[in-house]
Every structure is written in C-alpha cells, then in structure tokens.
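Okay, model06.pdb is below, PDB, C-alpha atoms and all ligand atoms:
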ATOM      1  CA  MET Z   1      -5.225 -20.033 -23.259  1.00  0.00           C
ATOM      2  CA  SER Z   2      -2.650 -17.295 -23.790  1.00  0.00           C
ATOM      3  CA  LYS Z   3       0.753 -17.047 -22.205  1.00  0.00           C
ATOM      4  CA  LEU Z   4       2.402 -13.975 -20.809  1.00  0.00           C
ATOM      5  CA  ILE Z   5       6.190 -14.035 -20.884  1.00  0.00           C
ATOM      6  CA  HIS Z   6       8.322 -11.707 -18.779  1.00  0.00           C
ATOM      7  CA  TYR Z   7      12.066 -11.220 -19.353  1.00  0.00           C
ATOM      8  CA  ARG Z   8      12.479 -10.173 -15.766  1.00  0.00           C
ATOM      9  CA  ASP Z   9      16.253  -9.627 -15.675  1.00  0.00           C
ATOM     10  CA  LYS Z  10      15.850  -6.734 -18.128  1.00  0.00           C
ATOM     11  CA  CYS Z  11      13.123  -5.008 -16.078  1.00  0.00           C
ATOM     12  CA  ILE Z  12      13.916  -1.388 -15.166  1.00  0.00           C
ATOM     13  CA  GLY Z  13      11.282  -1.256 -12.411  1.00  0.00           C
ATOM     14  CA  CYS Z  14       9.202   1.585 -13.861  1.00  0.00           C
ATOM     15  CA  GLY Z  15       6.009   0.100 -12.387  1.00  0.00           C
ATOM     16  CA  ILE Z  16       3.774   0.650 -15.417  1.00  0.00           C
ATOM     17  CA  CYS Z  17       2.724  -3.010 -15.653  1.00  0.00           C
ATOM     18  CA  TYR Z  18       1.766  -3.016 -11.991  1.00  0.00           C
ATOM     19  CA  GLU Z  19      -0.182   0.238 -12.279  1.00  0.00           C
ATOM     20  CA  MET Z  20      -2.075  -1.056 -15.316  1.00  0.00           C
ATOM     21  CA  GLN Z  21      -2.860  -4.626 -14.249  1.00  0.00           C
ATOM     22  CA  GLN Z  22      -2.497  -5.163 -10.511  1.00  0.00           C
ATOM     23  CA  ASP Z  23      -4.120  -8.608 -10.659  1.00  0.00           C
ATOM     24  CA  LEU Z  24      -1.086  -9.963 -12.508  1.00  0.00           C
ATOM     25  CA  TRP Z  25       1.855  -7.864 -11.327  1.00  0.00           C
ATOM     26  CA  ARG Z  26       3.532  -6.713  -8.172  1.00  0.00           C
ATOM     27  CA  MET Z  27       6.704  -4.761  -7.548  1.00  0.00           C
ATOM     28  CA  SER Z  28       9.454  -6.553  -5.653  1.00  0.00           C
ATOM     29  CA  LYS Z  29      10.661  -4.822  -2.497  1.00  0.00           C
ATOM     30  CA  ARG Z  30      13.836  -6.875  -2.777  1.00  0.00           C
ATOM     31  CA  ASP Z  31      15.191  -5.756  -6.156  1.00  0.00           C
ATOM     32  CA  GLY Z  32      12.648  -3.172  -7.368  1.00  0.00           C
ATOM     33  CA  LYS Z  33      11.688  -5.158 -10.451  1.00  0.00           C
ATOM     34  CA  ALA Z  34       8.213  -6.249 -11.502  1.00  0.00           C
ATOM     35  CA  THR Z  35       7.128  -9.779 -10.668  1.00  0.00           C
ATOM     36  CA  LEU Z  36       4.517 -11.670 -12.637  1.00  0.00           C
ATOM     37  CA  ILE Z  37       2.408 -13.221  -9.897  1.00  0.00           C
ATOM     38  CA  LYS Z  38       2.394 -17.060  -9.823  1.00  0.00           C
ATOM     39  CA  ALA Z  39       4.484 -17.261 -12.995  1.00  0.00           C
ATOM     40  CA  GLU Z  40       6.656 -20.282 -13.687  1.00  0.00           C
ATOM     41  CA  LYS Z  41      10.386 -19.678 -14.156  1.00  0.00           C
ATOM     42  CA  LYS Z  42      11.673 -20.981 -17.472  1.00  0.00           C
ATOM     43  CA  ASN Z  43      15.351 -20.299 -18.069  1.00  0.00           C
ATOM     44  CA  LYS Z  44      15.594 -16.490 -17.900  1.00  0.00           C
ATOM     45  CA  THR Z  45      11.898 -15.834 -18.343  1.00  0.00           C
ATOM     46  CA  PHE Z  46       8.780 -16.079 -16.224  1.00  0.00           C
ATOM     47  CA  VAL Z  47       5.717 -17.561 -17.913  1.00  0.00           C
ATOM     48  CA  LEU Z  48       2.083 -17.364 -16.852  1.00  0.00           C
ATOM     49  CA  GLU Z  49      -1.015 -18.761 -18.515  1.00  0.00           C
ATOM     50  CA  ILE Z  50      -3.605 -16.013 -18.392  1.00  0.00           C
ATOM     51  CA  LYS Z  51      -7.365 -16.046 -18.608  1.00  0.00           C
ATOM     52  CA  GLU Z  52      -9.136 -14.948 -21.754  1.00  0.00           C
ATOM     53  CA  TRP Z  53     -10.598 -11.901 -19.994  1.00  0.00           C
ATOM     54  CA  ASP Z  54      -7.126 -10.683 -18.933  1.00  0.00           C
ATOM     55  CA  LYS Z  55      -5.753 -10.880 -22.459  1.00  0.00           C
ATOM     56  CA  ALA Z  56      -6.774  -7.503 -23.925  1.00  0.00           C
ATOM     57  CA  LEU Z  57      -5.350  -5.524 -21.031  1.00  0.00           C
ATOM     58  CA  ALA Z  58      -2.234  -7.722 -20.920  1.00  0.00           C
ATOM     59  CA  ALA Z  59      -1.626  -6.857 -24.576  1.00  0.00           C
ATOM     60  CA  GLU Z  60      -1.860  -3.152 -23.722  1.00  0.00           C
ATOM     61  CA  VAL Z  61       0.587  -3.640 -20.864  1.00  0.00           C
ATOM     62  CA  ALA Z  62       3.033  -5.383 -23.209  1.00  0.00           C
ATOM     63  CA  VAL Z  63       2.897  -2.390 -25.549  1.00  0.00           C
ATOM     64  CA  ALA Z  64       3.264   0.077 -22.671  1.00  0.00           C
ATOM     65  CA  CYS Z  65       6.375  -1.551 -21.176  1.00  0.00           C
ATOM     66  CA  PRO Z  66       9.160   0.907 -22.102  1.00  0.00           C
ATOM     67  CA  VAL Z  67      11.790  -1.809 -22.573  1.00  0.00           C
ATOM     68  CA  LYS Z  68       9.450  -4.275 -24.347  1.00  0.00           C
ATOM     69  CA  ILE Z  69      10.178  -7.264 -22.128  1.00  0.00           C
ATOM     70  CA  ILE Z  70       6.589  -8.471 -21.823  1.00  0.00           C
ATOM     71  CA  LYS Z  71       5.387 -10.764 -24.608  1.00  0.00           C
ATOM     72  CA  LEU Z  72       1.969 -12.261 -25.162  1.00  0.00           C
ATOM     73  CA  SER Z  73       1.715 -15.519 -27.100  1.00  0.00           C
TER      74      SER Z  73
HETATM   75  S1  LIG S 101       6.524  -2.091 -17.486  1.00  0.00           S
HETATM   76 FE1  LIG S 101       8.280  -3.356 -18.115  1.00  0.00          FE
HETATM   77  S2  LIG S 101      10.093  -2.300 -17.325  1.00  0.00           S
HETATM   78 FE2  LIG S 101       8.310  -1.417 -16.300  1.00  0.00          FE
HETATM   79  S3  LIG S 101       8.185  -2.565 -14.373  1.00  0.00           S
HETATM   80 FE3  LIG S 101       6.853  -3.607 -15.873  1.00  0.00          FE
HETATM   81  S4  LIG S 101       8.141  -5.191 -16.828  1.00  0.00           S
HETATM   82 FE4  LIG S 101       9.493  -3.766 -15.772  1.00  0.00          FE
END

Would you encode the structure as structure tokens?
Ligand code: SF4
Amino acid sequence: MSKLIHYRDKCIGCGICYEMQQDLWRMSKRDGKATLIKAEKKNKTFVLEIKEWDKALAAEVAVACPVKIIKLS
C-alpha cells in the first residue's frame, strides 16, 4: 500500500490535483486549498493510504503540483 502525503499549509489552491484526480481531492470552500479526502492529519501533513490502481495517476499529480507539496511513498 502506498501513502500520499500532502503538505496542506503550503497549498496555493491552483486546483490541478483536483482536476487530475477527483476521487482523491476536493477544493475547500473555506480556505481555497486542496483537501485530500479522508486523509489523516499528522503534524502539518495529511496522509492517505491509496489503492494500487490510484498510484500511477497520484504520481503524475505529485509531479504536476506547482509547489511540489504532494509526496508519494
Ligand atoms: S496541485 Fe498542489 S498547489 Fe495546486 S491545489 Fe493541489 S496541492 Fe495545492
């Protein structure tokens, strides 16, 4: 199982992650940042275990994020 890690406080709200992978992301109406759906908060990050079939696209999303705050481990 792979983990997706989001450094949410550094998000600039561009919406690319949401546009690319709507199953995992939504945009917050409250602060305009991306939210990793059902992720667990760990210190300043949000962590989500993702399914094997979501992994390839999640890796593309991580590369596409302009501020590089999405990590796949
Ligand atoms: S792609 Fe990166 S900066 Fe843009 S909304 Fe998603 S997490 Fe935030």

Surroundings of ligand LIG 101 (chain S) up to 6 Å, based on all atoms listed in the file, as a PyMOL selection string: chain Z and resi 11-17+33-34+65-67+69

Edge lengths and centre in Å to one decimal, as JSON, is what I'm after for the box along x, y and z that holds all listed atoms of region 3-9 of chain Z once 8 Å is added on each side.
{"center_x": 8.5, "center_y": -13.3, "center_z": -18.9, "size_x": 31.5, "size_y": 23.4, "size_z": 22.5}

Rounded to one decimal place, report the CA of Lys29 (chain Z)-CA of Glu52 (chain Z) distance in Å.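 Distance reported for this atom pair: 29.4 Å.
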
Using the chain letters and residue numbers of this document, give as a PyMOL selection string the residues selected by the PyMOL selection byres (((chain Z and resi 48) around 6) and not hetatm). chain Z and resi 3-4+39+47+49

Between CA of Leu57 (chain Z) and CA of Lys71 (chain Z) - distance in Å to one decimal: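 So the two atoms, CA of Lys71 (chain Z) and CA of Leu57 (chain Z), lie 12.5 Å apart.
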
As a PyMOL selection string, please: the residues near Phe46 (chain Z) (cut-off 8 Å, only C-alpha atoms, same-chain neighbours under 4 positions excluded). chain Z and resi 5-8+36+39-42

Put those residues in a file: C-alpha atoms, as an mmCIF file, keeping the file's coordinate frame.
data_model
loop_
_atom_site.group_PDB
_atom_site.id
_atom_site.type_symbol
_atom_site.label_atom_id
_atom_site.label_comp_id
_atom_site.auth_asym_id
_atom_site.auth_seq_id
_atom_site.Cartn_x
_atom_site.Cartn_y
_atom_site.Cartn_z
ATOM 1 C CA ILE Z 5 6.190 -14.035 -20.884
ATOM 2 C CA HIS Z 6 8.322 -11.707 -18.779
ATOM 3 C CA TYR Z 7 12.066 -11.220 -19.353
ATOM 4 C CA ARG Z 8 12.479 -10.173 -15.766
ATOM 5 C CA LEU Z 36 4.517 -11.670 -12.637
ATOM 6 C CA ALA Z 39 4.484 -17.261 -12.995
ATOM 7 C CA GLU Z 40 6.656 -20.282 -13.687
ATOM 8 C CA LYS Z 41 10.386 -19.678 -14.156
ATOM 9 C CA LYS Z 42 11.673 -20.981 -17.472
#

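Atom pair CA of Tyr18 (chain Z) / CA of Asn43 (chain Z): separated by 22.8 Å.
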
Check what the PyMOL selection byres (((chain Z and resi 24) around 9) and not hetatm) selects in the file above and give those residues as a list of chain:residue names.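 Applied to this file, the PyMOL selection byres (((chain Z and resi 24) around 9) and not hetatm) selects Z:Cys17, Z:Tyr18, Z:Gln21, Z:Gln22, Z:Asp23, Z:Trp25, Z:Arg26, Z:Thr35, Z:Leu36, Z:Ile37, Z:Lys38, Z:Ile50, Z:Asp54, Z:Ala58.
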
Distance query region 59-63 of chain Z at most 7 Å, only C-alpha atoms, self and fewer than 4 positions along chain excluded, as a VMD selection string: chain Z and resid 17 20 55 68 70 to 72

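Comparing the minimum interatomic distances between Thr45 (chain Z) and each of Z:Asp31, Z:Ala64, Z:Lys10, Z:Ser73, counting all atoms listed in the file, we find that Z:Lys10 sits nearest.
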
Since fewer atoms than expected are present, regenerate N, CA and C atoms for region 24-39 of chain Z and write them as a PDB file, in the coordinates of the input.
ATOM      1  N   LEU Z  24      -2.142  -9.091 -11.980  1.00  0.00           N
ATOM      2  CA  LEU Z  24      -1.086  -9.963 -12.508  1.00  0.00           C
ATOM      3  C   LEU Z  24       0.320  -9.589 -12.058  1.00  0.00           C
ATOM      4  N   TRP Z  25       0.497  -8.355 -11.619  1.00  0.00           N
ATOM      5  CA  TRP Z  25       1.855  -7.864 -11.327  1.00  0.00           C
ATOM      6  C   TRP Z  25       1.973  -7.334  -9.919  1.00  0.00           C
ATOM      7  N   ARG Z  26       3.196  -7.451  -9.384  1.00  0.00           N
ATOM      8  CA  ARG Z  26       3.532  -6.713  -8.172  1.00  0.00           C
ATOM      9  C   ARG Z  26       4.970  -6.241  -8.326  1.00  0.00           C
ATOM     10  N   MET Z  27       5.339  -5.259  -7.498  1.00  0.00           N
ATOM     11  CA  MET Z  27       6.704  -4.761  -7.548  1.00  0.00           C
ATOM     12  C   MET Z  27       7.478  -5.369  -6.384  1.00  0.00           C
ATOM     13  N   SER Z  28       8.656  -5.902  -6.686  1.00  0.00           N
ATOM     14  CA  SER Z  28       9.454  -6.553  -5.653  1.00  0.00           C
ATOM     15  C   SER Z  28      10.125  -5.524  -4.748  1.00  0.00           C
ATOM     16  N   LYS Z  29       9.980  -5.712  -3.452  1.00  0.00           N
ATOM     17  CA  LYS Z  29      10.661  -4.822  -2.497  1.00  0.00           C
ATOM     18  C   LYS Z  29      12.141  -5.179  -2.427  1.00  0.00           C
ATOM     19  N   ARG Z  30      12.458  -6.391  -2.861  1.00  0.00           N
ATOM     20  CA  ARG Z  30      13.836  -6.875  -2.777  1.00  0.00           C
ATOM     21  C   ARG Z  30      14.741  -6.240  -3.836  1.00  0.00           C
ATOM     22  N   ASP Z  31      14.315  -6.290  -5.104  1.00  0.00           N
ATOM     23  CA  ASP Z  31      15.191  -5.756  -6.156  1.00  0.00           C
ATOM     24  C   ASP Z  31      14.534  -4.667  -7.004  1.00  0.00           C
ATOM     25  N   GLY Z  32      13.302  -4.280  -6.666  1.00  0.00           N
ATOM     26  CA  GLY Z  32      12.648  -3.172  -7.368  1.00  0.00           C
ATOM     27  C   GLY Z  32      12.083  -3.502  -8.736  1.00  0.00           C
ATOM     28  N   LYS Z  33      12.209  -4.759  -9.144  1.00  0.00           N
ATOM     29  CA  LYS Z  33      11.688  -5.158 -10.451  1.00  0.00           C
ATOM     30  C   LYS Z  33      10.243  -5.652 -10.333  1.00  0.00           C
ATOM     31  N   ALA Z  34       9.570  -5.710 -11.483  1.00  0.00           N
ATOM     32  CA  ALA Z  34       8.213  -6.249 -11.502  1.00  0.00           C
ATOM     33  C   ALA Z  34       8.263  -7.771 -11.420  1.00  0.00           C
ATOM     34  N   THR Z  35       7.261  -8.323 -10.765  1.00  0.00           N
ATOM     35  CA  THR Z  35       7.128  -9.779 -10.668  1.00  0.00           C
ATOM     36  C   THR Z  35       5.763 -10.173 -11.196  1.00  0.00           C
ATOM     37  N   LEU Z  36       5.770 -11.128 -12.097  1.00  0.00           N
ATOM     38  CA  LEU Z  36       4.517 -11.670 -12.637  1.00  0.00           C
ATOM     39  C   LEU Z  36       4.016 -12.718 -11.640  1.00  0.00           C
ATOM     40  N   ILE Z  37       2.907 -12.405 -11.009  1.00  0.00           N
ATOM     41  CA  ILE Z  37       2.408 -13.221  -9.897  1.00  0.00           C
ATOM     42  C   ILE Z  37       2.098 -14.652 -10.353  1.00  0.00           C
ATOM     43  N   LYS Z  38       2.621 -15.616  -9.598  1.00  0.00           N
ATOM     44  CA  LYS Z  38       2.394 -17.060  -9.823  1.00  0.00           C
ATOM     45  C   LYS Z  38       2.970 -17.575 -11.142  1.00  0.00           C
ATOM     46  N   ALA Z  39       3.883 -16.811 -11.731  1.00  0.00           N
ATOM     47  CA  ALA Z  39       4.484 -17.261 -12.995  1.00  0.00           C
ATOM     48  C   ALA Z  39       5.514 -18.362 -12.735  1.00  0.00           C
TER      49      ALA Z  39
END
